[in-house]
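Printed here is structure.txt (compact mmCIF, C-alpha atoms):
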```txt
# COMPACT_ATOMS: atom_id res chain seq x y z
CA MET A 228 58.61 75.27 -36.23
CA SER A 229 55.24 76.85 -35.97
CA GLN A 230 52.99 76.59 -32.82
CA ALA A 231 49.27 76.00 -32.70
CA THR A 232 47.11 79.04 -32.02
CA GLY A 233 43.75 79.25 -30.09
CA ASN A 234 41.71 79.64 -33.29
CA SER A 235 43.19 76.68 -35.11
CA ALA A 236 40.63 74.20 -36.57
CA PRO A 237 40.04 70.96 -34.56
CA ARG A 238 41.49 67.82 -35.89
CA PRO A 239 39.05 65.21 -37.21
CA PRO A 240 38.90 62.00 -35.15
CA SER A 241 41.31 59.38 -36.23
CA GLN A 242 40.06 56.29 -38.03
CA LYS A 243 41.37 54.15 -35.19
CA LEU A 244 39.19 55.96 -32.63
CA MET A 245 36.13 55.67 -34.84
CA LYS A 246 36.67 51.94 -35.12
CA PHE A 247 36.70 51.65 -31.32
CA GLY A 248 33.49 53.67 -31.08
CA ILE A 249 31.69 51.55 -33.62
CA ALA A 250 32.89 48.39 -31.93
CA GLY A 251 31.64 49.66 -28.57
CA ALA A 252 28.25 50.49 -30.01
CA VAL A 253 28.01 47.05 -31.55
CA LEU A 254 28.89 45.47 -28.21
CA LEU A 255 26.20 47.50 -26.47
CA VAL A 256 23.62 46.43 -29.02
CA LEU A 257 24.68 42.82 -28.68
CA ALA A 258 24.63 43.04 -24.90
CA GLY A 259 21.19 44.59 -24.96
CA GLY A 260 19.98 41.93 -27.36
CA ALA A 261 21.47 39.21 -25.20
CA ALA A 262 19.79 40.63 -22.12
CA PHE A 263 16.46 40.81 -23.92
CA TYR A 264 16.91 37.28 -25.21
CA TYR A 265 17.80 36.00 -21.74
CA ALA A 266 14.82 37.69 -20.16
CA SER A 267 12.41 36.47 -22.79
CA THR A 268 13.71 32.92 -22.82
CA LYS A 269 13.36 32.64 -19.03
CA VAL A 270 9.60 32.54 -19.42
CA ARG A 271 9.80 30.29 -22.46
CA THR A 272 12.16 27.93 -20.63
CA GLY A 273 9.64 27.58 -17.84
CA ALA A 274 6.96 26.69 -20.34
CA ALA A 275 9.30 24.30 -22.14
CA ASN A 276 9.94 22.54 -18.84
CA GLY A 277 6.25 21.98 -18.35
CA ALA A 278 5.40 25.09 -16.32
CA ILE A 279 2.33 27.08 -17.32
CA VAL A 280 2.97 30.84 -17.54
CA VAL A 281 0.14 33.03 -16.25
CA THR A 282 0.65 36.77 -16.74
CA ILE A 283 -1.43 39.19 -14.69
CA SER A 284 -1.98 42.79 -15.77
CA GLU A 285 -4.83 45.28 -15.50
CA GLY A 286 -6.89 42.88 -13.39
CA LYS A 287 -6.82 40.09 -15.95
CA CYS A 288 -5.07 36.73 -16.31
CA ASP A 289 -3.45 35.77 -19.57
CA PRO A 290 -4.49 33.09 -20.31
CA ASN A 291 -7.77 33.44 -18.48
CA THR A 292 -8.89 29.86 -19.12
CA LEU A 293 -6.60 26.95 -18.28
CA THR A 294 -6.89 23.21 -18.78
CA VAL A 295 -4.35 20.87 -17.18
CA PRO A 296 -4.08 17.12 -16.49
CA ALA A 297 -4.68 15.91 -12.95
CA GLY A 298 -1.61 15.42 -10.82
CA ARG A 299 1.25 17.85 -10.27
CA THR A 300 1.30 21.06 -12.33
CA THR A 301 3.75 23.96 -12.07
CA PHE A 302 2.63 27.54 -12.70
CA ASN A 303 4.87 30.57 -13.30
CA ILE A 304 2.94 33.65 -12.14
CA VAL A 305 4.20 36.86 -13.82
CA ASN A 306 3.05 40.15 -12.29
CA LYS A 307 2.94 42.87 -14.96
CA SER A 308 0.59 45.08 -12.98
CA ASP A 309 1.60 48.04 -10.83
CA ARG A 310 0.43 46.41 -7.60
CA ALA A 311 1.71 43.56 -5.46
CA LEU A 312 -0.74 40.71 -5.74
CA GLU A 313 -1.51 37.16 -4.70
CA TRP A 314 -2.56 34.32 -6.96
CA GLU A 315 -4.89 31.60 -5.76
CA ILE A 316 -6.47 28.40 -6.98
CA LEU A 317 -9.95 28.17 -5.49
CA ASP A 318 -12.37 25.29 -5.05
CA GLY A 319 -15.52 27.19 -4.23
CA VAL A 320 -14.57 29.20 -1.15
CA MET A 321 -11.64 26.96 -0.28
CA VAL A 322 -8.11 28.01 -1.19
CA LEU A 323 -6.25 25.00 -2.58
CA GLU A 324 -2.94 26.73 -3.34
CA GLU A 325 -1.68 30.31 -3.32
CA ARG A 326 1.31 32.57 -3.77
CA GLU A 327 1.31 35.84 -1.87
CA ASN A 328 3.09 39.16 -2.34
CA ILE A 329 4.15 38.81 -5.96
CA VAL A 330 5.64 42.28 -6.49
CA PRO A 331 5.35 44.16 -9.82
CA GLY A 332 7.75 42.94 -12.45
CA PHE A 333 8.52 39.68 -10.66
CA THR A 334 7.60 36.03 -11.19
CA GLN A 335 6.79 33.37 -8.60
CA THR A 336 6.44 29.64 -9.12
CA LEU A 337 3.70 27.48 -7.64
CA THR A 338 3.43 23.69 -7.91
CA ALA A 339 0.05 22.19 -7.10
CA LYS A 340 -1.23 18.63 -6.94
CA LEU A 341 -4.74 18.82 -8.38
CA ASN A 342 -7.58 16.35 -8.60
CA PRO A 343 -9.96 16.30 -11.58
CA GLY A 344 -12.56 19.06 -11.39
CA LYS A 345 -13.35 22.71 -12.16
CA TYR A 346 -11.66 25.47 -10.18
CA GLU A 347 -11.18 29.25 -10.27
CA ILE A 348 -8.02 31.37 -10.32
CA THR A 349 -7.68 34.92 -9.03
CA CYS A 350 -6.40 37.61 -11.38
CA GLY A 351 -5.08 40.50 -9.32
CA LEU A 352 -7.31 42.42 -6.93
CA LEU A 353 -10.10 40.79 -4.96
CA THR A 354 -12.62 42.58 -7.15
CA SER A 355 -11.02 41.41 -10.40
CA PRO A 356 -12.91 38.83 -12.46
CA ARG A 357 -11.63 35.31 -11.88
CA GLY A 358 -10.28 32.94 -14.46
CA SER A 359 -11.15 29.27 -14.79
CA LEU A 360 -9.01 26.16 -14.30
CA THR A 361 -10.22 22.79 -15.52
CA VAL A 362 -8.34 19.71 -14.33
CA MET A 363 -8.83 16.65 -16.52
CA PRO A 364 -8.44 12.99 -15.43
CA SER A 365 -4.98 11.54 -16.07
CA ALA A 366 -3.00 8.35 -15.59
CA GLU A 367 -1.04 10.02 -12.80
CA ALA A 368 -4.21 10.91 -10.95
CA SER A 369 -5.57 7.38 -11.36
CA ALA A 370 -2.35 5.94 -9.96
CA ALA A 371 -2.44 8.39 -7.07
CA ALA A 372 -6.03 7.45 -6.31
CA ALA A 373 -4.92 3.84 -6.06
CA ARG A 374 -2.39 4.79 -3.39
CA PRO A 375 -4.39 5.61 -0.28
CA ALA A 376 -2.77 7.60 2.48
CA LEU A 377 -1.57 5.48 5.37
CA VAL A 378 -4.29 6.98 7.54
CA ALA A 379 -6.81 5.14 5.35
CA PHE A 380 -5.53 1.85 6.75
CA VAL A 381 -6.01 2.81 10.40
CA GLY A 382 -9.61 1.57 10.54
CA PRO A 383 -9.02 -1.79 8.82
CA LEU A 384 -5.91 -2.45 10.88
CA ALA A 385 -7.74 -1.63 14.11
CA GLU A 386 -10.57 -3.98 13.16
CA TYR A 387 -8.10 -6.72 12.32
CA GLN A 388 -6.46 -6.24 15.72
CA VAL A 389 -9.89 -6.86 17.26
CA PHE A 390 -10.29 -9.98 15.10
CA LEU A 391 -6.88 -11.27 16.23
CA ALA A 392 -7.71 -10.54 19.86
CA THR A 393 -10.98 -12.44 19.53
CA GLN A 394 -9.33 -15.42 17.86
CA SER A 395 -6.44 -15.53 20.33
CA SER A 396 -8.90 -15.50 23.23
CA ALA A 397 -10.83 -18.34 21.60
CA LEU A 398 -7.54 -20.16 21.09
CA VAL A 399 -6.59 -19.91 24.77
CA LYS A 400 -10.08 -20.97 25.83
CA GLY A 401 -10.01 -23.93 23.45
CA VAL A 402 -6.57 -25.12 24.55
CA GLN A 403 -7.65 -24.77 28.18
CA ALA A 404 -10.55 -27.15 27.46
CA LEU A 405 -8.15 -29.52 25.69
CA ASP A 406 -5.75 -29.41 28.63
CA ASP A 407 -8.59 -30.10 31.06
CA ALA A 408 -9.76 -33.13 29.04
CA ILE A 409 -6.24 -34.56 28.86
CA LYS A 410 -5.75 -34.11 32.59
CA ALA A 411 -9.11 -35.82 33.17
CA GLY A 412 -7.99 -38.77 31.03
CA ASP A 413 -10.99 -38.46 28.67
CA ILE A 414 -9.65 -39.20 25.17
CA ASP A 415 -12.99 -38.73 23.38
CA LYS A 416 -13.51 -35.35 24.96
CA ALA A 417 -9.88 -34.49 24.24
CA ARG A 418 -10.34 -35.32 20.55
CA GLU A 419 -13.40 -33.10 20.35
CA ALA A 420 -11.59 -30.29 22.15
CA TYR A 421 -8.54 -30.68 19.91
CA GLN A 422 -10.48 -29.92 16.72
CA LYS A 423 -12.22 -26.89 18.25
CA ALA A 424 -9.02 -25.51 19.77
CA ARG A 425 -7.02 -25.71 16.55
CA LEU A 426 -9.35 -23.73 14.30
CA PRO A 427 -8.77 -20.25 15.82
CA TYR A 428 -5.05 -20.71 15.31
CA MET A 429 -5.63 -21.57 11.65
CA GLN A 430 -7.71 -18.42 11.19
CA MET A 431 -4.98 -16.19 12.61
CA GLU A 432 -2.07 -18.11 11.06
CA PRO A 433 -1.07 -15.40 8.51
CA ILE A 434 0.02 -13.26 11.46
CA ALA A 435 0.61 -15.89 14.15
CA ASP A 436 3.30 -17.61 12.10
CA ARG A 437 5.35 -14.41 12.14
CA PHE A 438 6.38 -15.29 15.69
CA ALA A 439 8.82 -18.03 14.73
CA ASP A 440 9.62 -19.15 18.28
CA LEU A 441 5.99 -19.59 19.24
CA HIS A 442 4.94 -21.02 15.89
CA ASN A 443 7.68 -23.65 16.11
CA ALA A 444 6.44 -24.59 19.57
CA ILE A 445 2.71 -24.46 18.85
CA ASP A 446 2.52 -26.11 15.43
CA PRO A 447 5.72 -27.93 14.39
CA VAL A 448 5.31 -30.79 11.90
CA ALA A 449 7.31 -33.98 12.50
CA ASP A 450 8.37 -34.04 8.83
CA TYR A 451 10.70 -31.10 9.50
CA LEU A 452 12.30 -32.46 12.67
CA GLU A 453 15.43 -34.62 12.70
CA LYS A 454 13.93 -37.49 14.70
CA ARG A 455 10.39 -36.90 13.51
CA GLU A 456 7.86 -37.95 16.18
CA ALA A 457 10.69 -38.94 18.55
CA ASP A 458 12.29 -35.50 18.40
CA ALA A 459 12.27 -33.37 21.55
CA GLY A 460 11.09 -30.47 19.38
CA PHE A 461 7.90 -32.31 18.46
CA THR A 462 5.50 -30.34 20.64
CA GLY A 463 2.22 -28.47 20.42
CA PHE A 464 -0.85 -29.37 18.42
CA HIS A 465 0.66 -32.08 16.25
CA ARG A 466 2.26 -33.86 19.21
CA ILE A 467 -1.15 -33.99 20.90
CA GLU A 468 -2.74 -35.04 17.60
CA TYR A 469 -0.19 -37.89 17.38
CA GLY A 470 -1.17 -39.16 20.83
CA LEU A 471 -4.92 -38.80 20.29
CA TYR A 472 -5.15 -40.36 16.84
CA SER A 473 -2.01 -42.41 16.14
CA THR A 474 -1.03 -44.06 19.42
CA ALA A 475 -4.58 -43.53 20.73
CA ASN A 476 -3.57 -42.88 24.32
CA LEU A 477 -2.92 -39.91 26.55
CA ASP A 478 0.43 -41.07 27.91
CA GLY A 479 2.86 -38.19 28.21
CA LEU A 480 0.41 -35.59 26.90
CA THR A 481 -0.20 -33.73 30.17
CA PRO A 482 3.07 -31.72 30.08
CA VAL A 483 2.60 -31.19 26.33
CA SER A 484 -0.86 -29.66 26.72
CA ALA A 485 0.32 -27.55 29.66
CA LYS A 486 3.18 -26.20 27.53
CA LEU A 487 0.79 -25.56 24.64
CA LEU A 488 -1.49 -23.59 26.95
CA ALA A 489 1.44 -21.45 28.10
CA ASP A 490 2.53 -20.86 24.49
CA VAL A 491 -0.89 -19.80 23.19
CA THR A 492 -1.29 -17.51 26.19
CA ALA A 493 2.05 -15.91 25.30
CA LEU A 494 0.82 -15.57 21.71
CA LYS A 495 -2.32 -13.81 22.92
CA ASP A 496 -0.19 -11.32 24.85
CA ARG A 497 2.05 -10.64 21.86
CA VAL A 498 -0.87 -10.17 19.50
CA ARG A 499 -2.37 -7.64 21.87
CA SER A 500 0.67 -5.37 21.58
CA LEU A 501 1.45 -6.13 17.93
CA ARG A 502 1.50 -3.23 15.47
CA ILE A 503 0.86 -4.57 11.99
CA PRO A 504 2.17 -2.60 8.99
CA PRO A 505 -0.49 -2.27 6.25
CA ASP A 506 1.54 -4.28 3.74
CA GLN A 507 1.64 -7.29 6.09
CA ILE A 508 -2.06 -7.95 5.67
CA ALA A 509 -1.80 -8.91 2.01
CA SER A 510 1.73 -10.31 2.15
CA GLY A 511 0.91 -12.54 5.13
CA ALA A 512 -2.26 -13.83 3.49
CA ALA A 513 -0.56 -14.45 0.14
CA ARG A 514 2.38 -16.22 1.80
CA LEU A 515 0.11 -18.61 3.71
CA ILE A 516 -2.14 -19.44 0.75
CA ASN A 517 0.88 -19.98 -1.47
CA THR A 518 2.32 -22.43 1.09
CA ILE A 519 -0.97 -24.30 1.23
CA ALA A 520 -1.14 -24.48 -2.57
CA SER A 521 2.47 -25.53 -3.13
CA THR A 522 3.07 -27.97 -0.26
CA ARG A 523 0.28 -28.62 2.21
CA ILE A 524 -2.40 -29.76 -0.20
CA ALA A 525 -0.18 -32.33 -1.86
CA ALA A 526 1.29 -33.90 1.28
CA GLY A 527 -1.00 -32.80 4.09
CA GLU A 528 0.10 -31.90 7.60
CA ASP A 529 -2.51 -33.48 9.85
CA HIS A 530 -1.03 -36.93 9.35
CA TYR A 531 -2.84 -38.55 12.27
CA ALA A 532 -6.28 -36.88 12.51
CA LYS A 533 -6.57 -36.53 8.70
CA SER A 534 -8.35 -33.20 9.28
CA ASP A 535 -6.48 -31.05 6.74
CA LEU A 536 -9.66 -29.88 5.01
CA LEU A 537 -10.86 -28.36 8.29
CA ASP A 538 -7.55 -26.52 8.52
CA PHE A 539 -7.86 -25.20 4.96
CA GLU A 540 -11.41 -24.03 5.59
CA ALA A 541 -10.30 -22.13 8.70
CA ASN A 542 -7.33 -20.65 6.84
CA ILE A 543 -9.63 -19.35 4.10
CA ALA A 544 -12.05 -17.94 6.67
CA GLY A 545 -9.20 -15.98 8.22
CA VAL A 546 -7.92 -14.72 4.88
CA SER A 547 -11.45 -13.78 3.80
CA ARG A 548 -11.78 -11.68 6.91
CA MET A 549 -8.50 -9.92 6.15
CA MET A 550 -9.57 -9.11 2.62
CA ALA A 551 -13.03 -7.94 3.71
CA LEU A 552 -11.45 -5.46 6.10
CA MET A 553 -9.16 -4.15 3.37
CA LYS A 554 -11.92 -3.85 0.78
CA PRO A 555 -13.06 -0.26 1.56
CA VAL A 556 -9.51 0.97 1.00
CA VAL A 557 -8.53 -1.21 -1.94
CA ALA A 558 -11.78 -1.09 -3.90
CA GLN A 559 -11.68 2.71 -4.16
CA GLY A 560 -8.51 2.80 -6.26
CA SER A 561 -8.16 -0.80 -7.45
CA PRO A 562 -11.65 -2.27 -7.82
CA ALA A 563 -10.54 -4.86 -10.38
CA VAL A 564 -7.90 -6.25 -8.03
CA MET A 565 -10.39 -6.51 -5.17
CA ALA A 566 -13.03 -8.09 -7.41
CA ASP A 567 -10.56 -10.73 -8.59
CA ILE A 568 -9.60 -11.58 -5.01
CA GLU A 569 -13.26 -12.02 -4.07
CA THR A 570 -13.82 -14.21 -7.13
CA ARG A 571 -10.84 -16.40 -6.19
CA ILE A 572 -11.99 -16.74 -2.59
CA ALA A 573 -15.43 -17.82 -3.78
CA ALA A 574 -13.81 -20.40 -6.08
CA VAL A 575 -11.78 -21.89 -3.21
CA ASP A 576 -14.87 -21.95 -1.00
CA GLY A 577 -16.70 -23.77 -3.77
CA ALA A 578 -13.91 -26.31 -4.18
CA LEU A 579 -13.93 -27.04 -0.45
CA LYS A 580 -17.71 -27.34 -0.30
CA ALA A 581 -17.56 -29.84 -3.15
CA LEU A 582 -15.40 -32.07 -0.96
CA ARG A 583 -17.70 -31.86 2.05
CA GLY A 584 -20.02 -34.79 2.59
CA PRO A 585 -23.31 -35.12 4.49
CA VAL A 586 -21.49 -35.50 7.81
CA GLY A 587 -18.60 -33.15 7.14
CA PHE A 588 -15.24 -33.42 5.45
CA PRO A 589 -13.84 -36.88 4.72
CA PRO A 590 -10.47 -38.00 6.13
CA TYR A 591 -7.82 -36.32 4.03
CA ASP A 592 -6.32 -39.56 2.77
CA ASN A 593 -9.67 -40.18 1.05
CA VAL A 594 -9.18 -37.08 -1.13
CA ASN A 595 -7.73 -38.32 -4.42
CA ALA A 596 -4.84 -36.79 -6.36
CA ASP A 597 -7.07 -35.10 -8.96
CA SER A 598 -9.16 -33.38 -6.29
CA ARG A 599 -6.02 -32.23 -4.52
CA LYS A 600 -4.59 -30.91 -7.76
CA ALA A 601 -7.77 -28.97 -8.53
CA LEU A 602 -7.88 -27.50 -5.03
CA ALA A 603 -4.20 -26.54 -5.24
CA ALA A 604 -4.83 -24.73 -8.53
CA GLN A 605 -7.65 -22.71 -6.97
CA MET A 606 -5.49 -21.88 -3.96
CA GLN A 607 -2.57 -20.81 -6.15
CA ALA A 608 -4.81 -18.53 -8.19
CA LEU A 609 -5.98 -16.92 -4.95
CA ALA A 610 -2.41 -16.50 -3.69
CA ASP A 611 -1.40 -14.87 -6.98
CA SER A 612 -4.38 -12.52 -6.85
CA ILE A 613 -3.71 -11.41 -3.27
CA GLY A 614 -0.06 -11.01 -4.22
CA LYS A 615 -1.03 -8.13 -6.53
CA LEU A 616 -2.77 -6.14 -3.83
CA ASN A 617 0.15 -4.29 -2.25
CA ALA A 618 1.50 -3.08 -5.59
CA ALA A 619 -1.99 -1.97 -6.62
CA VAL A 620 -2.33 0.33 -3.61
CA GLY A 621 1.25 1.57 -3.56
CA LEU A 622 2.46 -0.46 -0.59
CA GLU A 623 5.43 -1.90 -2.49
```

Could I get this structure in the form of structure tokens?
Amino acid sequence: MSQATGNSAPRPPSQKLMKFGIAGAVLLVLAGGAAFYYASTKVRTGAANGAIVVTISEGKCDPNTLTVPAGRTTFNIVNKSDRALEWEILDGVMVLEERENIVPGFTQTLTAKLNPGKYEITCGLLTSPRGSLTVMPSAEASAAAARPALVAFVGPLAEYQVFLATQSSALVKGVQALDDAIKAGDIDKAREAYQKARLPYMQMEPIADRFADLHNAIDPVADYLEKREADAGFTGFHRIEYGLYSTANLDGLTPVSAKLLADVTALKDRVRSLRIPPDQIASGAARLINTIASTRIAAGEDHYAKSDLLDFEANIAGVSRMMALMKPVVAQGSPAVMADIETRIAAVDGALKALRGPVGFPPYDNVNADSRKALAAQMQALADSIGKLNAAVGLE
């Protein structure tokens, strides 16, 4: 058997080894291609998902001119320069949004909520020319404009609190005069005081009726009590109305008026500390007007004084005040909704004025069915219109 010597020729690589080498090379190529594909598709994926890719190199933005819809927009900022940089969206000298310390070779994402207008974007160093960003109106921006921030309601709510305080003070003062007349045994003066005392409560009813315990003591209707006028729960305004106009005497009314005075005083105290959520303005107004349209106009509630039209007029005055206070907020984003409410209020006012005679409103039992039906239709249209307000300003 011969042995190999130092100068023997090298053996050629086996076919098996060559196959492994080729396979390895192929794998490296594939791996490199996969890596390249992954890296390149990362940017494309961002764009496909709605992000706008802005590449910065040599003091320039690519693209240098951008146009986007108003609302939320996401930007992928790619730094291909050799310096760390920051990217800003500028409105004049004001920075709206920015990303700082984007290092070379890296990407950062920025999401901005933009209003329609023309802005600038920075493109690297402070001395680099700026690019332009135009934000066009969009449905999203219009919807956002119709949704005021809660701080926008602070003023109207504060003014309404003042209105409620004024009305509750007038209510207490009026009931005090009513109580004094009843104690003095003067039925004519008591009747006059009754009508004046009731109206402030009607103006603040959209909020006052939220206090169920006080509302059921101040303004219960005999129709909803088991024993009607004989029920122990028949108290407040309508019990006094029953004595003044139905039985036409003051017997037993002194403790009733004293209790009413205590209840309206308690209401005044509660209103003073009440914090009203913004959505309760419209929902309270719509609820009351809907109740008037669907039940009160047809049957009436002032069964003894027949003064329902005075109640309705005061209710509308209170609701009109609520809507007037909300107008600066609502009209900015939902002018059509506010305009329709004002049109409906004017229509109800017109319908009530048409029923008023030379010496005031007639007794309610003199208002015929057709007139009641027409008034109810106007009231329902107003309730429906106010019912759209919260949704229009994003409070639902």

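Across the structure, atom CA of Arg326 of chain A and atom CA of Ala311 of chain A are spaced 11.1 Å apart.
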
| Using all atoms listed in the file, which of the listed residues (A:Ala408, A:Arg357, A:Thr481, A:Ala541) sits closest to Gln394 of chain A? | A:Ala541

| Suppose you want the space between atom CA of Lys400 of chain A and atom CA of Ile508 of chain A; what is it in Å? | 25.3 Å

Tell me, as an mmCIF file with C-alpha atoms, keeping the file's coordinate frame, which residues lie within 12 Å of Lys410 of chain A, counting only C-alpha atoms; anything in the same chain fewer than 4 positions away does not count.
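Done, and the output landed in out.cif:
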```cif
data_model
loop_
_atom_site.group_PDB
_atom_site.id
_atom_site.type_symbol
_atom_site.label_atom_id
_atom_site.label_comp_id
_atom_site.auth_asym_id
_atom_site.auth_seq_id
_atom_site.Cartn_x
_atom_site.Cartn_y
_atom_site.Cartn_z
ATOM 1 C CA GLN A 403 -7.650 -24.770 28.180
ATOM 2 C CA ALA A 404 -10.550 -27.150 27.460
ATOM 3 C CA LEU A 405 -8.150 -29.520 25.690
ATOM 4 C CA ASP A 406 -5.750 -29.410 28.630
ATOM 5 C CA ILE A 414 -9.650 -39.200 25.170
ATOM 6 C CA LYS A 416 -13.510 -35.350 24.960
ATOM 7 C CA ALA A 417 -9.880 -34.490 24.240
ATOM 8 C CA LEU A 477 -2.920 -39.910 26.550
ATOM 9 C CA ASP A 478 0.430 -41.070 27.910
ATOM 10 C CA GLY A 479 2.860 -38.190 28.210
ATOM 11 C CA LEU A 480 0.410 -35.590 26.900
ATOM 12 C CA THR A 481 -0.200 -33.730 30.170
ATOM 13 C CA PRO A 482 3.070 -31.720 30.080
ATOM 14 C CA VAL A 483 2.600 -31.190 26.330
ATOM 15 C CA SER A 484 -0.860 -29.660 26.720
ATOM 16 C CA ALA A 485 0.320 -27.550 29.660
#
```

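Distances here use all atoms listed in the file; by that measure, the residue among A:Ile316, A:Pro585, A:Gly298, A:Pro504 closest to Ala366 of chain A is A:Gly298.
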
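Going from atom CA of Leu487 of chain A over to atom CA of Ala397 of chain A, you cover 14.0 Å.
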
Provide segment 298-312 of chain A rebuilt to N, CA and C atoms, formatted as a compact mmCIF listing (two decimals), keeping the file's coordinate frame.
```txt
# COMPACT_ATOMS: atom_id res chain seq x y z
N GLY A 298 -2.95 15.74 -11.31
CA GLY A 298 -1.61 15.42 -10.82
C GLY A 298 -0.88 16.70 -10.48
N ARG A 299 0.44 16.68 -10.61
CA ARG A 299 1.25 17.85 -10.27
C ARG A 299 1.41 18.76 -11.49
N THR A 300 1.12 20.04 -11.29
CA THR A 300 1.30 21.06 -12.33
C THR A 300 2.04 22.25 -11.73
N THR A 301 2.99 22.79 -12.51
CA THR A 301 3.75 23.96 -12.07
C THR A 301 3.29 25.19 -12.84
N PHE A 302 3.06 26.27 -12.11
CA PHE A 302 2.63 27.54 -12.70
C PHE A 302 3.70 28.60 -12.43
N ASN A 303 4.04 29.38 -13.46
CA ASN A 303 4.87 30.57 -13.30
C ASN A 303 3.95 31.79 -13.34
N ILE A 304 3.84 32.51 -12.24
CA ILE A 304 2.94 33.65 -12.14
C ILE A 304 3.74 34.93 -12.35
N VAL A 305 3.47 35.64 -13.45
CA VAL A 305 4.20 36.86 -13.82
C VAL A 305 3.32 38.07 -13.51
N ASN A 306 3.81 38.95 -12.65
CA ASN A 306 3.05 40.15 -12.29
C ASN A 306 3.49 41.33 -13.15
N LYS A 307 2.67 41.70 -14.13
CA LYS A 307 2.94 42.87 -14.96
C LYS A 307 2.03 44.04 -14.61
N SER A 308 1.41 43.96 -13.44
CA SER A 308 0.59 45.08 -12.98
C SER A 308 1.46 46.03 -12.17
N ASP A 309 0.85 47.08 -11.65
CA ASP A 309 1.60 48.04 -10.83
C ASP A 309 1.33 47.84 -9.35
N ARG A 310 0.74 46.70 -8.99
CA ARG A 310 0.43 46.41 -7.60
C ARG A 310 0.97 45.04 -7.22
N ALA A 311 1.40 44.90 -5.97
CA ALA A 311 1.71 43.56 -5.46
C ALA A 311 0.41 42.77 -5.39
N LEU A 312 0.48 41.50 -5.70
CA LEU A 312 -0.74 40.71 -5.74
C LEU A 312 -0.49 39.29 -5.20
```
